[in-house]
Every structure is written in C-alpha cells, then in structure tokens.
file run_14.cif (mmCIF, C-alpha atoms and all ligand atoms)
data_my_file
loop_
_atom_site.group_PDB
_atom_site.id
_atom_site.type_symbol
_atom_site.label_atom_id
_atom_site.label_comp_id
_atom_site.auth_asym_id
_atom_site.auth_seq_id
_atom_site.Cartn_x
_atom_site.Cartn_y
_atom_site.Cartn_z
ATOM 1 C CA MET A 873 3.890 -14.686 24.755
ATOM 2 C CA SER A 874 2.393 -15.728 21.438
ATOM 3 C CA PHE A 875 -1.223 -15.400 20.437
ATOM 4 C CA THR A 876 -3.357 -15.891 17.353
ATOM 5 C CA ILE A 877 -4.347 -13.230 14.848
ATOM 6 C CA ASN A 878 -7.515 -13.759 12.831
ATOM 7 C CA ALA A 879 -7.842 -11.293 9.982
ATOM 8 C CA THR A 880 -9.118 -10.957 6.440
ATOM 9 C CA ILE A 881 -6.195 -10.254 4.143
ATOM 10 C CA ASN A 882 -6.765 -9.759 0.419
ATOM 11 C CA ASP A 883 -10.254 -11.271 0.747
ATOM 12 C CA LYS A 884 -8.973 -14.422 2.463
ATOM 13 C CA LYS A 885 -9.415 -15.425 6.088
ATOM 14 C CA VAL A 886 -6.023 -15.729 7.738
ATOM 15 C CA SER A 887 -5.222 -17.211 11.122
ATOM 16 C CA ALA A 888 -1.627 -17.233 12.376
ATOM 17 C CA SER A 889 0.232 -16.878 15.623
ATOM 18 C CA THR A 890 2.497 -13.957 16.482
ATOM 19 C CA GLU A 891 4.342 -12.330 19.385
ATOM 20 C CA ALA A 892 3.186 -9.226 21.231
ATOM 21 C CA SER A 893 6.115 -7.172 19.947
ATOM 22 C CA THR A 894 5.823 -8.200 16.280
ATOM 23 C CA SER A 895 4.975 -5.408 13.865
ATOM 24 C CA LEU A 896 2.256 -5.874 11.294
ATOM 25 C CA LEU A 897 4.909 -5.486 8.586
ATOM 26 C CA GLU A 898 6.970 -8.344 10.097
ATOM 27 C CA PHE A 899 3.809 -10.418 10.398
ATOM 28 C CA LEU A 900 3.004 -9.905 6.719
ATOM 29 C CA ARG A 901 6.529 -10.400 5.400
ATOM 30 C CA ASP A 902 7.983 -13.012 7.761
ATOM 31 C CA THR A 903 5.022 -14.961 9.116
ATOM 32 C CA LEU A 904 2.778 -14.887 6.055
ATOM 33 C CA GLU A 905 5.644 -14.673 3.515
ATOM 34 C CA MET A 906 3.975 -11.754 1.743
ATOM 35 C CA LYS A 907 7.048 -9.840 0.620
ATOM 36 C CA GLY A 908 5.317 -7.278 -1.608
ATOM 37 C CA THR A 909 5.012 -4.772 1.236
ATOM 38 C CA LYS A 910 8.473 -3.273 1.642
ATOM 39 C CA LEU A 911 10.612 -2.713 4.721
ATOM 40 C CA CYS A 912 12.665 0.460 4.412
ATOM 41 C CA CYS A 913 12.961 2.954 7.290
ATOM 42 C CA ASN A 914 11.018 0.855 9.822
ATOM 43 C CA THR A 915 10.177 4.081 11.696
ATOM 44 C CA GLY A 916 7.033 5.335 9.959
ATOM 45 C CA GLU A 917 8.879 7.922 7.850
ATOM 46 C CA CYS A 918 8.941 6.663 4.259
ATOM 47 C CA GLY A 919 5.631 4.967 3.436
ATOM 48 C CA ALA A 920 7.239 1.937 1.732
ATOM 49 C CA CYS A 921 5.247 -0.361 4.033
ATOM 50 C CA THR A 922 1.829 1.207 3.337
ATOM 51 C CA ILE A 923 -1.157 -1.146 3.342
ATOM 52 C CA ILE A 924 -4.907 -0.501 3.448
ATOM 53 C CA PHE A 925 -6.184 -1.335 6.917
ATOM 54 C CA ASN A 926 -9.939 -1.209 7.492
ATOM 55 C CA GLY A 927 -10.205 1.078 4.468
ATOM 56 C CA LYS A 928 -7.406 3.486 5.383
ATOM 57 C CA PRO A 929 -3.755 3.580 4.336
ATOM 58 C CA ILE A 930 -1.369 2.987 7.251
ATOM 59 C CA ASN A 931 2.317 2.354 7.811
ATOM 60 C CA SER A 932 2.494 -1.313 8.775
ATOM 61 C CA CYS A 933 6.005 -0.979 10.249
ATOM 62 C CA VAL A 934 4.698 1.101 13.159
ATOM 63 C CA THR A 935 1.520 -0.924 13.692
ATOM 64 C CA LEU A 936 1.502 -4.005 15.902
ATOM 65 C CA ALA A 937 0.409 -7.294 14.404
ATOM 66 C CA ALA A 938 -1.861 -7.613 17.437
ATOM 67 C CA ASP A 939 -3.901 -4.673 16.164
ATOM 68 C CA ALA A 940 -4.763 -6.683 13.034
ATOM 69 C CA ASP A 941 -6.917 -9.153 14.928
ATOM 70 C CA GLY A 942 -10.366 -8.837 13.341
ATOM 71 C CA ALA A 943 -9.137 -6.363 10.717
ATOM 72 C CA THR A 944 -9.685 -6.264 6.977
ATOM 73 C CA ILE A 945 -6.430 -5.638 5.140
ATOM 74 C CA THR A 946 -5.416 -5.161 1.543
ATOM 75 C CA THR A 947 -1.759 -5.413 0.524
ATOM 76 C CA ILE A 948 -0.141 -4.905 -2.857
ATOM 77 C CA GLU A 949 -0.610 -8.639 -3.513
ATOM 78 C CA GLY A 950 -4.375 -8.160 -3.323
ATOM 79 C CA LEU A 951 -4.811 -5.384 -5.899
ATOM 80 C CA ALA A 952 -4.503 -7.219 -9.205
ATOM 81 C CA ASP A 953 -7.428 -9.259 -10.514
ATOM 82 C CA GLY A 954 -5.659 -12.400 -11.675
ATOM 83 C CA ALA A 955 -3.452 -11.419 -14.616
ATOM 84 C CA ASN A 956 -5.088 -7.977 -14.822
ATOM 85 C CA LEU A 957 -3.205 -5.312 -12.936
ATOM 86 C CA HIS A 958 -5.114 -2.727 -10.905
ATOM 87 C CA ALA A 959 -5.483 0.583 -12.774
ATOM 88 C CA VAL A 960 -3.018 2.235 -10.398
ATOM 89 C CA GLN A 961 -0.395 -0.457 -11.000
ATOM 90 C CA GLN A 962 -0.841 -0.185 -14.773
ATOM 91 C CA ALA A 963 -0.675 3.610 -14.693
ATOM 92 C CA PHE A 964 2.623 3.547 -12.780
ATOM 93 C CA ILE A 965 4.060 1.297 -15.503
ATOM 94 C CA ASP A 966 2.601 3.287 -18.396
ATOM 95 C CA THR A 967 3.918 6.643 -17.141
ATOM 96 C CA GLY A 968 7.385 5.394 -16.164
ATOM 97 C CA ALA A 969 6.736 6.168 -12.488
ATOM 98 C CA VAL A 970 8.788 3.158 -11.380
ATOM 99 C CA GLN A 971 12.571 3.119 -11.220
ATOM 100 C CA CYS A 972 14.082 1.051 -8.402
ATOM 101 C CA GLY A 973 10.554 0.176 -7.350
ATOM 102 C CA TYR A 974 11.267 0.148 -3.649
ATOM 103 C CA CYS A 975 8.744 2.844 -2.859
ATOM 104 C CA THR A 976 6.244 1.648 -5.442
ATOM 105 C CA PRO A 977 4.020 -0.771 -3.481
ATOM 106 C CA GLY A 978 3.551 1.849 -0.778
ATOM 107 C CA TYR A 979 2.718 4.581 -3.287
ATOM 108 C CA ILE A 980 0.292 2.330 -5.092
ATOM 109 C CA MET A 981 -1.532 1.455 -1.878
ATOM 110 C CA SER A 982 -1.787 5.128 -0.859
ATOM 111 C CA VAL A 983 -3.104 6.035 -4.309
ATOM 112 C CA ALA A 984 -5.533 3.111 -4.448
ATOM 113 C CA ALA A 985 -6.968 4.246 -1.113
ATOM 114 C CA LEU A 986 -7.223 7.829 -2.419
ATOM 115 C CA LEU A 987 -9.060 6.749 -5.564
ATOM 116 C CA ASP A 988 -11.417 4.617 -3.487
ATOM 117 C CA ARG A 989 -12.356 7.823 -1.658
ATOM 118 C CA THR A 990 -12.558 10.197 -4.596
ATOM 119 C CA ALA A 991 -12.834 9.639 -8.350
ATOM 120 C CA LYS A 992 -11.395 13.015 -9.356
ATOM 121 C CA PRO A 993 -8.734 14.018 -6.850
ATOM 122 C CA THR A 994 -7.494 17.606 -6.787
ATOM 123 C CA ALA A 995 -3.808 18.484 -6.674
ATOM 124 C CA GLU A 996 -4.242 19.042 -2.939
ATOM 125 C CA ASP A 997 -5.896 15.635 -2.497
ATOM 126 C CA ILE A 998 -2.969 13.990 -4.276
ATOM 127 C CA GLU A 999 -0.363 15.913 -2.309
ATOM 128 C CA GLU A 1000 -2.056 14.968 0.944
ATOM 129 C CA ALA A 1001 -2.556 11.303 -0.042
ATOM 130 C CA VAL A 1002 1.102 10.698 -0.846
ATOM 131 C CA SER A 1003 2.597 13.093 1.704
ATOM 132 C CA GLY A 1004 3.807 10.112 3.728
ATOM 133 C CA ASN A 1005 5.477 8.386 0.797
ATOM 134 C CA ILE A 1006 9.068 9.092 -0.186
ATOM 135 C CA CYS A 1007 10.662 8.272 -3.554
ATOM 136 C CA ARG A 1008 14.392 8.698 -4.077
ATOM 137 C CA CYS A 1009 14.350 8.002 -7.822
ATOM 138 C CA THR A 1010 11.577 9.451 -9.914
ATOM 139 C CA GLY A 1011 11.373 13.127 -8.986
ATOM 140 C CA TYR A 1012 7.610 12.788 -8.301
ATOM 141 C CA ALA A 1013 6.336 14.296 -11.584
ATOM 142 C CA LYS A 1014 5.791 10.879 -13.158
ATOM 143 C CA ILE A 1015 4.142 9.601 -10.009
ATOM 144 C CA VAL A 1016 1.656 12.480 -10.166
ATOM 145 C CA ASP A 1017 1.111 11.717 -13.877
ATOM 146 C CA ALA A 1018 0.395 8.096 -12.926
ATOM 147 C CA ILE A 1019 -2.147 9.160 -10.322
ATOM 148 C CA HIS A 1020 -4.025 11.354 -12.814
ATOM 149 C CA LEU A 1021 -3.946 8.595 -15.444
ATOM 150 C CA ALA A 1022 -5.267 5.990 -12.996
ATOM 151 C CA ALA A 1023 -8.020 8.355 -11.839
ATOM 152 C CA ASP A 1024 -9.041 9.050 -15.441
ATOM 153 C CA ARG A 1025 -9.080 5.359 -16.361
ATOM 154 C CA LEU A 1026 -11.020 4.316 -13.256
ATOM 155 C CA SER A 1027 -13.657 6.932 -13.899
ATOM 156 C CA GLY A 1028 -13.862 6.260 -17.647
ATOM 157 C CA ARG A 1029 -12.312 9.594 -18.668
ATOM 158 C CA ALA A 1030 -9.393 7.840 -20.415
HETATM 159 FE FE1 LIG B 1101 7.338 1.819 7.250
HETATM 160 FE FE2 LIG B 1101 9.219 3.331 6.152
HETATM 161 S S1 LIG B 1101 9.171 1.144 6.298
HETATM 162 S S2 LIG B 1101 7.266 3.963 6.936
HETATM 163 FE FE1 LIG B 1102 13.110 4.148 -6.340
HETATM 164 FE FE2 LIG B 1102 10.848 5.328 -5.739
HETATM 165 S S1 LIG B 1102 11.329 4.273 -7.594
HETATM 166 S S2 LIG B 1102 12.521 4.998 -4.429
#
call {"tool": "encode", "arguments": {"input": "run_14.cif", "output": "structure tokens"}}
result
Amino acid sequence: MSFTINATINDKKVSASTEASTSLLEFLRDTLEMKGTKLCCNTGECGACTIIFNGKPINSCVTLAADADGATITTIEGLADGANLHAVQQAFIDTGAVQCGYCTPGYIMSVAALLDRTAKPTAEDIEEAVSGNICRCTGYAKIVDAIHLAADRLSGRA
C-alpha cells in the first residue's frame, strides 16, 4: 500500500508517495534522488546514513519513511549555504579528515548536530556524538581535529 509523506527537507516542503516498508534512507536516495546520504551497512551499525531528524541525528536506514510524515529533516545536501560550505564540511577538508569519503556525510551530520547543541564540546561530548559513526580510513585523529576546528570557527575562536 502506498501513501504520501509530507515533510520539510532542507527547508523545502516535500510531498511524495512511498510504501509502508520503505526506509527513510531509500526514500531520500531513491524516491527523492538525494544521494548524499550514504547506504553502507543498512543495519544501523555504521552511521553512514546519518541525517538530522527533528533536531536529532538518526540512522535513516533503520527508520521508516512513514515516520517522516510531518518531520523536519536536514541532510548533507542542506548544510552548505550556496557555494559556502558549512563550517563542519570545510573543517573536514582543511584537516584532511576525508579519505574515501564514504563515512563523511554521516560524520558531518552527527558533528553538525553536536555543534548545534554545544559550542565548546568536551572530548566526552565528541566521543559520544560520533560513537555511532565508523570510519575505515582516517584513524579518527583527523576527524577529531576537524571537530575541534569547526567548533572553534563556529564560535569565533579561530
Ligand atoms: Fe545506516 Fe550503516 S547505513 S547505519
Ligand atoms: Fe573512508 Fe571514512 S573516509 S570510511
């Protein structure tokens, strides 16, 4: 049975039909053709599919599209302001925290949500915020550097 989802995605009203069994990740990638959110494990283990859903980071692969009806969602496509990257995106580039890039959209969404909550995250805040994100390439040190750099830039300390 198909039904219609009405949601606000990246500040735009979206209305599209979906099936009861469709995941939110499939809805974003296949129905809306928003491929920035990555499909990796598809079991809620890796964080590659992280989006901000009603202000909180979630794994979209284990969330039903049906749950998005009436929701406010931000995906990686919604972070940049025109040609200007979000501070978290720029910090990942500037610190070399991107290698294959597969994990990167998910990390960036988790970090953006963290920095929305707190301007000066502690080491524990950072560990907790990205505990659901897995990177197979960078060894994490550069990702942590990127998070500190983004926090400093957003709060005017750098
Ligand atoms: Fe969703 Fe891995 S693809 S958590
Ligand atoms: Fe390759 Fe993170 S940059 S998995």
call {"tool": "residues_around", "arguments": {"input": "run_14.cif", "residues": "stretch 961-974 of chain A", "least_positions_apart": "2", "cutoff": "12 Å", "atoms": "only C-alpha atoms", "output": "ChimeraX atom specification"}}
result
/A:907-913,918-922,948-953,955-959,976-984,1005-1026,1030
call {"tool": "write_last_selection", "arguments": {"input": "run_14.cif", "atoms": "C-alpha atoms", "output": "mmCIF file, in the coordinates of the input"}}
result
data_model
loop_
_atom_site.group_PDB
_atom_site.id
_atom_site.type_symbol
_atom_site.label_atom_id
_atom_site.label_comp_id
_atom_site.auth_asym_id
_atom_site.auth_seq_id
_atom_site.Cartn_x
_atom_site.Cartn_y
_atom_site.Cartn_z
ATOM 1 C CA LYS A 907 7.048 -9.840 0.620
ATOM 2 C CA GLY A 908 5.317 -7.278 -1.608
ATOM 3 C CA THR A 909 5.012 -4.772 1.236
ATOM 4 C CA LYS A 910 8.473 -3.273 1.642
ATOM 5 C CA LEU A 911 10.612 -2.713 4.721
ATOM 6 C CA CYS A 912 12.665 0.460 4.412
ATOM 7 C CA CYS A 913 12.961 2.954 7.290
ATOM 8 C CA CYS A 918 8.941 6.663 4.259
ATOM 9 C CA GLY A 919 5.631 4.967 3.436
ATOM 10 C CA ALA A 920 7.239 1.937 1.732
ATOM 11 C CA CYS A 921 5.247 -0.361 4.033
ATOM 12 C CA THR A 922 1.829 1.207 3.337
ATOM 13 C CA ILE A 948 -0.141 -4.905 -2.857
ATOM 14 C CA GLU A 949 -0.610 -8.639 -3.513
ATOM 15 C CA GLY A 950 -4.375 -8.160 -3.323
ATOM 16 C CA LEU A 951 -4.811 -5.384 -5.899
ATOM 17 C CA ALA A 952 -4.503 -7.219 -9.205
ATOM 18 C CA ASP A 953 -7.428 -9.259 -10.514
ATOM 19 C CA ALA A 955 -3.452 -11.419 -14.616
ATOM 20 C CA ASN A 956 -5.088 -7.977 -14.822
ATOM 21 C CA LEU A 957 -3.205 -5.312 -12.936
ATOM 22 C CA HIS A 958 -5.114 -2.727 -10.905
ATOM 23 C CA ALA A 959 -5.483 0.583 -12.774
ATOM 24 C CA THR A 976 6.244 1.648 -5.442
ATOM 25 C CA PRO A 977 4.020 -0.771 -3.481
ATOM 26 C CA GLY A 978 3.551 1.849 -0.778
ATOM 27 C CA TYR A 979 2.718 4.581 -3.287
ATOM 28 C CA ILE A 980 0.292 2.330 -5.092
ATOM 29 C CA MET A 981 -1.532 1.455 -1.878
ATOM 30 C CA SER A 982 -1.787 5.128 -0.859
ATOM 31 C CA VAL A 983 -3.104 6.035 -4.309
ATOM 32 C CA ALA A 984 -5.533 3.111 -4.448
ATOM 33 C CA ASN A 1005 5.477 8.386 0.797
ATOM 34 C CA ILE A 1006 9.068 9.092 -0.186
ATOM 35 C CA CYS A 1007 10.662 8.272 -3.554
ATOM 36 C CA ARG A 1008 14.392 8.698 -4.077
ATOM 37 C CA CYS A 1009 14.350 8.002 -7.822
ATOM 38 C CA THR A 1010 11.577 9.451 -9.914
ATOM 39 C CA GLY A 1011 11.373 13.127 -8.986
ATOM 40 C CA TYR A 1012 7.610 12.788 -8.301
ATOM 41 C CA ALA A 1013 6.336 14.296 -11.584
ATOM 42 C CA LYS A 1014 5.791 10.879 -13.158
ATOM 43 C CA ILE A 1015 4.142 9.601 -10.009
ATOM 44 C CA VAL A 1016 1.656 12.480 -10.166
ATOM 45 C CA ASP A 1017 1.111 11.717 -13.877
ATOM 46 C CA ALA A 1018 0.395 8.096 -12.926
ATOM 47 C CA ILE A 1019 -2.147 9.160 -10.322
ATOM 48 C CA HIS A 1020 -4.025 11.354 -12.814
ATOM 49 C CA LEU A 1021 -3.946 8.595 -15.444
ATOM 50 C CA ALA A 1022 -5.267 5.990 -12.996
ATOM 51 C CA ALA A 1023 -8.020 8.355 -11.839
ATOM 52 C CA ASP A 1024 -9.041 9.050 -15.441
ATOM 53 C CA ARG A 1025 -9.080 5.359 -16.361
ATOM 54 C CA LEU A 1026 -11.020 4.316 -13.256
ATOM 55 C CA ALA A 1030 -9.393 7.840 -20.415
#
call {"tool": "axis_aligned_box", "arguments": {"input": "run_14.cif", "around": "stretch 962-971 of chain A", "padding_each_side": "4 Å", "output": "AutoDock Vina command-line options"}}
result
--center_x 5.9 --center_y 3.2 --center_z -14.8 --size_x 21.4 --size_y 14.8 --size_z 15.2
call {"tool": "closest_residue", "arguments": {"input": "run_14.cif", "among": "A:Cys975, A:Leu904, A:Leu936, A:Ile998", "to": "ligand LIG 1102 (chain B)", "atoms": "only C-alpha atoms and all ligand atoms"}}
result
A:Cys975
call {"tool": "atom_distance", "arguments": {"input": "run_14.cif", "atom1": "atom CA of A:Phe875", "atom2": "atom CA of A:Glu891"}}
result
6.4 Å
call {"tool": "atom_distance", "arguments": {"input": "run_14.cif", "atom1": "atom CA of A:Ala991", "atom2": "atom FE2 of ligand LIG 1102 (chain B)"}}
result
24.2 Å
call {"tool": "residues_around", "arguments": {"input": "run_14.cif", "residues": "A:Ser887", "least_positions_apart": "3", "cutoff": "12 Å", "atoms": "all atoms listed in the file", "output": "list in words"}}
result
Phe875, Thr876, Ile877, Asn878, Ala879, Thr880, Ile881, Lys884, Thr890, Phe899, Leu900, Thr903, Leu904, Ala937, Ala938, Ala940, Asp941, Gly942 and Ala943 of chain A
call {"tool": "atom_distance", "arguments": {"input": "run_14.cif", "atom1": "atom CA of A:Arg901", "atom2": "atom CA of A:Asn882"}}
result
14.2 Å
call {"tool": "residues_near_point", "arguments": {"input": "run_14.cif", "point": "(-4.8, 13.3, 3.5)", "cutoff": "12 Å", "atoms": "all atoms listed in the file", "output": "list in words"}}
result
Lys928, Pro929, Ile930, Ser982, Val983, Ala985, Leu986, Leu987, Arg989, Thr990, Pro993, Thr994, Ala995, Glu996, Asp997, Ile998, Glu999, Glu1000, Ala1001, Val1002, Ser1003, Gly1004 and Asn1005 of chain A
call {"tool": "closest_residue", "arguments": {"input": "run_14.cif", "among": "A:Glu905, A:Glu898, A:Asp939, A:Asp988", "to": "ligand LIG 1101 (chain B)", "atoms": "all atoms listed in the file"}}
result
A:Glu898
call {"tool": "resolve_selection", "arguments": {"input": "run_14.cif", "expression": "the PyMOL selection byres (((chain A and resi 935) around 6) and not hetatm)", "output": "JSON, numbers by chain"}}
result
{"A": [895, 896, 932, 933, 934, 936]}
call {"tool": "closest_residue", "arguments": {"input": "run_14.cif", "among": "A:Ile924, A:Val886, A:Leu897, A:Met873", "to": "ligand LIG 1101 (chain B)", "atoms": "all atoms listed in the file"}}
result
A:Leu897
call {"tool": "build_atoms", "arguments": {"input": "run_14.cif", "residues": "stretch 921-951 of chain A", "atoms": "N, CA and C atoms", "output": "short mmCIF file (atom, residue, chain, number, x, y, z; two decimals), keeping the file's coordinate frame"}}
result
data_model
loop_
_atom_site.label_atom_id
_atom_site.label_comp_id
_atom_site.auth_asym_id
_atom_site.auth_seq_id
_atom_site.Cartn_x
_atom_site.Cartn_y
_atom_site.Cartn_z
N CYS A 921 5.98 0.77 3.44
CA CYS A 921 5.25 -0.36 4.03
C CYS A 921 3.74 -0.12 4.07
N THR A 922 3.25 0.85 3.27
CA THR A 922 1.83 1.21 3.34
C THR A 922 0.93 0.06 2.89
N ILE A 923 -0.09 -0.19 3.68
CA ILE A 923 -1.16 -1.15 3.34
C ILE A 923 -2.49 -0.45 3.61
N ILE A 924 -3.57 -1.05 3.14
CA ILE A 924 -4.91 -0.50 3.45
C ILE A 924 -5.50 -1.34 4.57
N PHE A 925 -5.78 -0.68 5.67
CA PHE A 925 -6.18 -1.34 6.92
C PHE A 925 -7.56 -0.79 7.29
N ASN A 926 -8.56 -1.66 7.23
CA ASN A 926 -9.94 -1.21 7.49
C ASN A 926 -10.27 0.04 6.67
N GLY A 927 -9.85 0.01 5.41
CA GLY A 927 -10.20 1.08 4.47
C GLY A 927 -9.29 2.28 4.45
N LYS A 928 -8.29 2.31 5.34
CA LYS A 928 -7.41 3.49 5.38
C LYS A 928 -5.94 3.07 5.19
N PRO A 929 -5.17 3.91 4.49
CA PRO A 929 -3.76 3.58 4.34
C PRO A 929 -3.01 3.82 5.65
N ILE A 930 -2.18 2.84 6.03
CA ILE A 930 -1.37 2.99 7.25
C ILE A 930 0.04 2.48 6.99
N ASN A 931 0.96 2.89 7.85
CA ASN A 931 2.32 2.35 7.81
C ASN A 931 2.35 1.09 8.67
N SER A 932 2.55 -0.05 8.02
CA SER A 932 2.49 -1.31 8.78
C SER A 932 3.71 -1.54 9.66
N CYS A 933 4.80 -0.78 9.42
CA CYS A 933 6.00 -0.98 10.25
C CYS A 933 5.81 -0.42 11.65
N VAL A 934 4.90 0.51 11.83
CA VAL A 934 4.70 1.10 13.16
C VAL A 934 3.32 0.72 13.71
N THR A 935 2.79 -0.37 13.20
CA THR A 935 1.52 -0.92 13.69
C THR A 935 1.81 -2.32 14.22
N LEU A 936 1.28 -2.67 15.36
CA LEU A 936 1.50 -4.00 15.90
C LEU A 936 0.63 -5.03 15.18
N ALA A 937 1.18 -6.20 14.99
CA ALA A 937 0.41 -7.29 14.40
C ALA A 937 -0.84 -7.55 15.24
N ALA A 938 -0.72 -7.37 16.55
CA ALA A 938 -1.86 -7.61 17.44
C ALA A 938 -3.07 -6.76 17.06
N ASP A 939 -2.80 -5.57 16.53
CA ASP A 939 -3.90 -4.67 16.16
C ASP A 939 -4.68 -5.19 14.95
N ALA A 940 -4.10 -6.16 14.24
CA ALA A 940 -4.76 -6.68 13.03
C ALA A 940 -5.81 -7.73 13.36
N ASP A 941 -5.92 -8.13 14.61
CA ASP A 941 -6.92 -9.15 14.93
C ASP A 941 -8.31 -8.60 14.62
N GLY A 942 -9.03 -9.27 13.74
CA GLY A 942 -10.37 -8.84 13.34
C GLY A 942 -10.38 -7.82 12.23
N ALA A 943 -9.20 -7.43 11.73
CA ALA A 943 -9.14 -6.36 10.72
C ALA A 943 -9.32 -6.91 9.30
N THR A 944 -9.65 -5.97 8.41
CA THR A 944 -9.68 -6.26 6.98
C THR A 944 -8.55 -5.49 6.32
N ILE A 945 -7.68 -6.22 5.65
CA ILE A 945 -6.43 -5.64 5.14
C ILE A 945 -6.30 -5.93 3.65
N THR A 946 -5.82 -4.93 2.93
CA THR A 946 -5.42 -5.16 1.54
C THR A 946 -3.95 -4.79 1.42
N THR A 947 -3.16 -5.70 0.82
CA THR A 947 -1.76 -5.41 0.52
C THR A 947 -1.60 -5.35 -0.99
N ILE A 948 -0.40 -5.00 -1.42
CA ILE A 948 -0.14 -4.90 -2.86
C ILE A 948 -0.46 -6.21 -3.57
N GLU A 949 -0.32 -7.34 -2.87
CA GLU A 949 -0.61 -8.64 -3.51
C GLU A 949 -2.10 -8.80 -3.82
N GLY A 950 -2.94 -7.99 -3.17
CA GLY A 950 -4.38 -8.16 -3.32
C GLY A 950 -5.00 -7.23 -4.34
N LEU A 951 -4.21 -6.39 -5.00
CA LEU A 951 -4.81 -5.38 -5.90
C LEU A 951 -5.15 -5.93 -7.28
#
